[in-house]
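K.L.:
Just so it is clear, I am handing over target_21.cif, which has mmCIF, C-alpha atoms.
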```cif
data_upload
#
loop_
_atom_site.label_atom_id
_atom_site.label_comp_id
_atom_site.auth_asym_id
_atom_site.auth_seq_id
_atom_site.Cartn_x
_atom_site.Cartn_y
_atom_site.Cartn_z
CA MET V 291 30.04 -36.29 -75.10
CA VAL V 292 32.69 -33.74 -76.03
CA LEU V 293 35.43 -36.37 -75.77
CA PHE V 294 33.42 -38.75 -77.95
CA VAL V 295 33.09 -36.07 -80.60
CA GLY V 296 36.87 -35.75 -80.41
CA ALA V 297 37.15 -39.51 -80.93
CA LEU V 298 34.96 -39.29 -84.02
CA VAL V 299 37.19 -36.57 -85.45
CA VAL V 300 40.36 -38.58 -84.72
CA TRP V 301 38.81 -41.70 -86.28
CA ALA V 302 37.72 -39.85 -89.42
CA LEU V 303 41.09 -38.15 -89.92
CA THR V 304 43.29 -41.17 -89.25
CA PHE V 305 41.35 -44.16 -90.62
CA PRO V 306 42.67 -43.84 -94.20
CA PHE V 307 46.29 -44.34 -93.09
CA ASP V 308 45.92 -45.96 -89.65
CA ARG V 309 43.88 -49.09 -90.34
CA ASN V 310 44.79 -50.65 -86.99
CA GLY V 311 43.49 -47.65 -85.04
CA LYS V 312 46.68 -46.88 -83.14
CA VAL V 313 46.09 -43.12 -83.02
CA LEU V 314 42.48 -43.47 -81.87
CA HIS V 315 43.55 -45.90 -79.16
CA LEU V 316 46.17 -43.44 -77.89
CA TYR V 317 43.49 -40.73 -77.86
CA SER V 318 41.34 -43.12 -75.81
CA CYS V 319 44.27 -43.57 -73.42
CA PHE V 320 44.31 -39.80 -72.91
CA TRP V 321 40.51 -39.76 -72.46
CA ALA V 322 40.68 -42.42 -69.74
CA GLN V 323 43.65 -40.82 -68.02
CA LEU V 324 41.79 -37.52 -67.69
CA TYR V 325 39.82 -39.11 -64.84
CA MET V 326 43.10 -39.75 -63.05
CA TYR V 327 44.55 -36.34 -63.88
CA VAL V 328 41.59 -34.37 -62.48
CA ASN V 329 41.43 -36.27 -59.18
CA PRO V 330 44.30 -35.07 -56.97
CA LEU V 331 43.73 -37.97 -54.55
CA TRP V 332 44.19 -40.67 -57.18
CA HIS V 333 47.80 -41.45 -58.04
CA LEU V 334 49.11 -43.76 -60.73
CA ARG V 335 52.58 -45.20 -61.17
CA VAL V 336 53.45 -47.25 -64.25
CA ASP V 337 56.69 -49.23 -64.39
CA GLY V 338 58.03 -51.50 -67.12
CA ARG V 339 56.53 -49.82 -70.20
CA GLU V 340 59.73 -50.75 -72.03
CA HIS V 341 58.50 -54.37 -72.12
CA LEU V 342 55.50 -53.41 -74.27
CA PRO V 343 55.82 -53.36 -78.06
CA TRP V 344 54.78 -50.43 -80.22
CA ARG V 345 54.35 -52.97 -83.00
CA GLY V 346 54.25 -56.74 -82.94
CA PRO V 347 51.95 -59.46 -81.62
CA ALA V 348 51.72 -60.01 -77.88
CA VAL V 349 49.09 -61.19 -75.41
CA LEU V 350 48.87 -58.87 -72.41
CA VAL V 351 47.34 -60.42 -69.28
CA ALA V 352 46.40 -58.41 -66.19
CA ASN V 353 44.80 -59.23 -62.86
CA HIS V 354 41.37 -57.68 -62.34
CA GLU V 355 40.53 -55.90 -59.08
CA SER V 356 37.95 -53.25 -60.03
CA LEU V 357 36.48 -51.09 -62.77
CA GLY V 358 39.37 -48.75 -62.03
CA ASP V 359 41.65 -51.26 -63.77
CA ILE V 360 40.37 -49.96 -67.10
CA LEU V 361 41.46 -46.42 -66.34
CA VAL V 362 44.94 -47.34 -65.16
CA LEU V 363 45.63 -49.82 -67.98
CA PHE V 364 44.91 -47.12 -70.52
CA GLY V 365 47.80 -45.39 -68.75
CA LEU V 366 50.13 -47.86 -70.48
CA TYR V 367 49.93 -45.60 -73.56
CA ARG V 368 50.79 -48.48 -75.87
CA PRO V 369 48.67 -49.92 -78.71
CA PHE V 370 46.49 -52.94 -77.91
CA LYS V 371 42.94 -54.17 -78.33
CA TRP V 372 40.82 -54.76 -75.27
CA VAL V 373 38.75 -57.88 -74.78
CA SER V 374 35.72 -56.60 -72.89
CA LYS V 375 32.19 -57.58 -71.91
CA ALA V 376 29.81 -57.12 -74.83
CA SER V 377 27.44 -55.10 -72.63
CA ASN V 378 30.10 -52.42 -72.22
CA PHE V 379 29.87 -51.66 -75.94
CA LYS V 380 26.28 -50.49 -75.41
CA LEU V 381 27.26 -47.71 -73.02
CA PRO V 382 26.67 -44.22 -74.46
CA PHE V 383 29.81 -42.47 -75.69
CA ILE V 384 32.32 -44.77 -73.93
CA GLY V 385 30.86 -47.92 -75.49
CA TRP V 386 30.52 -46.22 -78.86
CA ASN V 387 34.18 -45.29 -78.66
CA MET V 388 34.97 -48.95 -77.99
CA TRP V 389 33.24 -49.85 -81.27
CA LEU V 390 35.23 -47.17 -83.10
CA ASN V 391 38.42 -48.70 -81.67
CA ARG V 392 37.30 -52.16 -82.79
CA TYR V 393 37.93 -53.67 -79.39
CA VAL V 394 36.80 -57.28 -78.99
CA PRO V 395 33.42 -58.02 -77.34
CA LEU V 396 32.79 -61.11 -75.24
CA VAL V 397 29.70 -62.60 -73.62
CA ARG V 398 30.97 -64.56 -70.64
CA GLY V 399 29.77 -68.16 -70.52
CA ASP V 400 28.66 -68.13 -74.17
CA ARG V 401 30.77 -70.66 -76.10
CA GLU V 402 29.97 -69.13 -79.48
CA SER V 403 30.95 -65.69 -78.24
CA VAL V 404 34.19 -67.08 -76.81
CA GLY V 405 34.94 -68.67 -80.18
CA ARG V 406 34.32 -65.38 -82.00
CA MET V 407 36.52 -63.57 -79.49
CA MET V 408 39.38 -65.99 -80.07
CA VAL V 409 39.12 -65.60 -83.84
CA ALA V 410 39.05 -61.80 -83.56
CA CYS V 411 42.11 -61.83 -81.30
CA GLU V 412 43.96 -64.12 -83.69
CA ARG V 413 43.25 -61.67 -86.52
CA TRP V 414 44.61 -58.73 -84.54
CA LEU V 415 47.70 -60.68 -83.54
CA ALA V 416 48.24 -61.64 -87.18
CA ARG V 417 48.17 -57.91 -87.95
CA GLU V 418 50.86 -57.40 -85.28
CA VAL V 419 48.48 -55.69 -82.84
CA PRO V 420 48.66 -56.82 -79.18
CA VAL V 421 45.51 -57.85 -77.31
CA LEU V 422 44.78 -57.46 -73.60
CA LEU V 423 42.73 -59.91 -71.56
CA PHE V 424 41.84 -60.43 -67.90
CA PRO V 425 42.51 -64.18 -67.48
CA GLU V 426 40.52 -64.27 -64.23
CA GLY V 427 37.46 -63.58 -66.38
CA THR V 428 35.85 -61.18 -63.90
CA ARG V 429 36.75 -58.83 -61.09
CA SER V 430 38.07 -60.24 -57.85
CA PRO V 431 35.69 -59.47 -54.93
CA ASP V 432 38.49 -59.21 -52.38
CA GLY V 433 41.61 -58.15 -54.31
CA GLN V 434 43.06 -61.68 -54.24
CA MET V 435 44.08 -63.10 -57.62
CA LYS V 436 41.61 -65.75 -58.76
CA ALA V 437 42.27 -68.81 -60.92
CA PHE V 438 43.13 -68.08 -64.54
CA LYS V 439 41.20 -69.25 -67.57
CA ASP V 440 43.36 -70.55 -70.40
CA GLY V 441 42.09 -68.56 -73.41
CA ALA V 442 44.87 -65.97 -73.39
CA PHE V 443 47.51 -68.68 -73.16
CA GLN V 444 45.93 -70.71 -75.97
CA LEU V 445 46.21 -67.61 -78.14
CA ALA V 446 49.88 -67.13 -77.31
CA VAL V 447 50.76 -70.75 -78.03
CA LYS V 448 48.76 -70.90 -81.26
CA MET V 449 50.08 -67.57 -82.61
CA GLY V 450 53.62 -68.09 -81.32
CA CYS V 451 53.72 -64.73 -79.57
CA PRO V 452 54.82 -63.74 -76.06
CA VAL V 453 52.63 -63.28 -73.02
CA ILE V 454 53.31 -60.03 -71.18
CA PRO V 455 52.15 -60.12 -67.53
CA VAL V 456 50.77 -56.86 -66.12
CA VAL V 457 50.32 -56.64 -62.35
CA LEU V 458 47.88 -54.15 -60.82
CA THR V 459 47.80 -53.08 -57.20
CA GLY V 460 45.79 -50.39 -55.44
CA THR V 461 42.97 -50.33 -57.97
CA ALA V 462 40.57 -52.26 -55.73
CA ARG V 463 40.09 -49.03 -53.77
CA THR V 464 38.76 -47.13 -56.80
CA LEU V 465 35.60 -49.17 -57.42
CA PRO V 466 35.63 -52.70 -56.00
CA LYS V 467 33.30 -55.43 -57.20
CA HIS V 468 29.79 -54.84 -55.87
CA GLY V 469 30.96 -51.41 -54.68
CA LEU V 470 28.68 -48.43 -55.18
CA VAL V 471 30.95 -45.54 -54.22
CA LEU V 472 34.22 -44.37 -55.71
CA GLU V 473 36.92 -44.24 -53.06
CA THR V 474 38.28 -40.75 -52.53
CA GLN V 475 41.93 -41.82 -52.33
CA ALA V 476 43.89 -44.46 -54.20
CA ASN V 477 47.52 -45.21 -54.96
CA CYS V 478 47.50 -47.36 -58.07
CA HIS V 479 50.54 -49.16 -59.43
CA VAL V 480 50.92 -50.91 -62.78
CA GLN V 481 53.97 -53.14 -63.14
CA VAL V 482 54.70 -54.62 -66.56
CA LEU V 483 56.85 -57.75 -66.36
CA PRO V 484 59.21 -59.02 -69.09
CA PRO V 485 57.61 -61.05 -71.89
CA VAL V 486 57.29 -64.81 -71.45
CA THR V 487 57.57 -66.88 -74.64
CA PRO V 488 55.46 -70.02 -75.03
CA ALA V 489 58.60 -71.90 -76.06
CA SER V 490 60.09 -71.30 -72.60
CA CYS V 491 57.25 -73.44 -71.23
CA GLY V 492 57.48 -76.09 -73.90
CA ASN V 493 54.54 -74.55 -75.83
CA ASP V 494 52.29 -76.14 -73.22
CA VAL V 495 49.22 -74.03 -72.47
CA GLN V 496 48.77 -75.12 -68.85
CA ALA V 497 52.47 -74.80 -68.05
CA LEU V 498 52.50 -71.30 -69.54
CA LEU V 499 49.39 -70.34 -67.56
CA GLU V 500 50.81 -71.58 -64.26
CA HIS V 501 54.20 -69.98 -64.86
CA VAL V 502 52.74 -66.56 -65.70
CA ARG V 503 50.27 -66.67 -62.81
CA GLY V 504 53.12 -67.56 -60.45
CA LEU V 505 55.15 -64.58 -61.67
CA MET V 506 52.19 -62.26 -61.20
CA LEU V 507 51.39 -63.55 -57.71
CA ALA V 508 55.00 -63.10 -56.62
CA GLU V 509 55.23 -59.59 -58.07
CA LYS V 510 51.91 -58.53 -56.53
CA ALA V 511 53.05 -59.79 -53.12
CA ARG V 512 56.38 -57.97 -53.51
CA ILE V 513 54.76 -54.65 -54.35
CA GLU V 514 52.17 -54.90 -51.58
CA ALA V 515 54.87 -55.77 -49.04
CA GLN V 516 56.63 -52.50 -49.83
CA LYS V 517 53.58 -50.37 -49.11
#
```
Represent the supplied structure as C-alpha cells.

P.N.:
Amino acid sequence: MVLFVGALVVWALTFPFDRNGKVLHLYSCFWAQLYMYVNPLWHLRVDGREHLPWRGPAVLVANHESLGDILVLFGLYRPFKWVSKASNFKLPFIGWNMWLNRYVPLVRGDRESVGRMMVACERWLAREVPVLLFPEGTRSPDGQMKAFKDGAFQLAVKMGCPVIPVVLTGTARTLPKHGLVLETQANCHVQVLPPVTPASCGNDVQALLEHVRGLMLAEKARIEAQK
C-alpha cells in the first residue's frame, strides 16, 4: 500500500511532462526489484541491457517460466509497456499501478481483446515506446520453451521495428505454473540478445518468429549448460 501511494505521487508529479510514463515505469521497476533485494537467497543477473533502447519502438519478447518472470524483467530498468492478463489489472495496489502505467490488458482467447491489444501496442510503438510480450502466451509448466504465437512478430513487421529477444533462466524456481509455494533459493538470469530487424527475415512474420525462437532456444541451452 505504501509503495502504491508512492506510485500515485510519482504519477501526479510527472504526468504533465512525462506523457509516456517513463518515470512511473522506472519507479515500478524499483518496486518490483525490492522483492529481489530483500531476499538474500534470490539472485538476479542481467546481461545485454545495452541492446535495449531508452527511446524508440521495439518489440521485446521473453520466454515465460513463472510469475517470477515479472519481477526479474522489471530488473531491465528500461522503458516499455507490458502486455498482461486483464485479470491482473484488478489486483489491489499492484493492478492499480498497472493501470496508472497504462500497460496493455489482454483476455487470452478473446479475439476482440486481442484486436484491442494489437491496436494499443501499435499506438505505443508509434509513440516510440517499446512493448513487451510473452509470445508463448502463458507460463510453461516445465520450464521448456513452448510454441510461439505470432502477434508480437506481426507488430514488428507492421510497425517496421526490431524484435529484441530476452531469455530467462532460473525463474521457474521462484513460482512455477501451478506452484503454491515460493522457492527459497533461485539464481535468475536475464540475457538480452541483439535486436532482430524484420527486414533481415524478408519482412515475413513466420520466418521472423522461427528465427527469433531459434535464437532464444540456443541461448537458453547455452546458459543452462554453463550452470

K.L.:
When distances are computed from all atoms listed in the file, which of V:Gly399, V:Gly433, V:Pro485, V:Gly338 shows the smallest separation from His354 of chain V?

P.N.:
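Selected residue with least distance to His354 of chain V: V:Gly433.
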
K.L.:
Determine the residue set returned by the PyMOL selection byres ((chain V and resi 444-453) around 7) for the present structure, and present it as a compact mmCIF listing (two decimals) with C-alpha atoms, keeping the file's coordinate frame.

P.N.:
```txt
# COMPACT_ATOMS: atom_id res chain seq x y z
CA PRO V 347 51.95 -59.46 -81.62
CA ALA V 348 51.72 -60.01 -77.88
CA VAL V 349 49.09 -61.19 -75.41
CA LEU V 350 48.87 -58.87 -72.41
CA GLU V 412 43.96 -64.12 -83.69
CA ASP V 440 43.36 -70.55 -70.40
CA GLY V 441 42.09 -68.56 -73.41
CA ALA V 442 44.87 -65.97 -73.39
CA PHE V 443 47.51 -68.68 -73.16
CA ILE V 454 53.31 -60.03 -71.18
CA PRO V 455 52.15 -60.12 -67.53
CA PRO V 485 57.61 -61.05 -71.89
CA VAL V 486 57.29 -64.81 -71.45
CA THR V 487 57.57 -66.88 -74.64
CA PRO V 488 55.46 -70.02 -75.03
CA ASN V 493 54.54 -74.55 -75.83
CA VAL V 495 49.22 -74.03 -72.47
```

K.L.:
Figure out the distance between atom CA of Gln475 of chain V and atom CA of Glu514 of chain V, please, to one decimal in Å.

P.N.:
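We find that atom CA of Glu514 of chain V and atom CA of Gln475 of chain V lie 16.6 Å from each other.
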
K.L.:
Please provide the set of residues having any atom within 10 Å of Gln481 of chain V, restricted to all atoms listed in the file, with same-chain residues fewer than 6 positions apart removed, written as an mmCIF file with C-alpha atoms, in the coordinates of the input.

P.N.:
```cif
data_model
loop_
_atom_site.group_PDB
_atom_site.id
_atom_site.type_symbol
_atom_site.label_atom_id
_atom_site.label_comp_id
_atom_site.auth_asym_id
_atom_site.auth_seq_id
_atom_site.Cartn_x
_atom_site.Cartn_y
_atom_site.Cartn_z
ATOM 1 C CA ARG V 335 52.580 -45.200 -61.170
ATOM 2 C CA VAL V 336 53.450 -47.250 -64.250
ATOM 3 C CA ASP V 337 56.690 -49.230 -64.390
ATOM 4 C CA GLY V 338 58.030 -51.500 -67.120
ATOM 5 C CA ARG V 339 56.530 -49.820 -70.200
ATOM 6 C CA ALA V 352 46.400 -58.410 -66.190
ATOM 7 C CA LEU V 366 50.130 -47.860 -70.480
ATOM 8 C CA PRO V 455 52.150 -60.120 -67.530
ATOM 9 C CA VAL V 456 50.770 -56.860 -66.120
ATOM 10 C CA VAL V 457 50.320 -56.640 -62.350
ATOM 11 C CA LEU V 458 47.880 -54.150 -60.820
ATOM 12 C CA THR V 459 47.800 -53.080 -57.200
ATOM 13 C CA MET V 506 52.190 -62.260 -61.200
ATOM 14 C CA GLU V 509 55.230 -59.590 -58.070
ATOM 15 C CA LYS V 510 51.910 -58.530 -56.530
ATOM 16 C CA ILE V 513 54.760 -54.650 -54.350
#
```

K.L.:
For atom CA of Ala476 of chain V and atom CA of Gly358 of chain V, determine how far apart the two atoms are, in Å to one decimal place.

P.N.:
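Atom CA of Gly358 of chain V lies at a distance of 10.0 Å from atom CA of Ala476 of chain V.
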
K.L.:
Evaluate the PyMOL selection byres ((chain V and resi 369) around 9) against this structure - the residues, as a ChimeraX atom specification, please.

P.N.:
/V:311-313,315-316,342-345,366-368,370-371,419-421
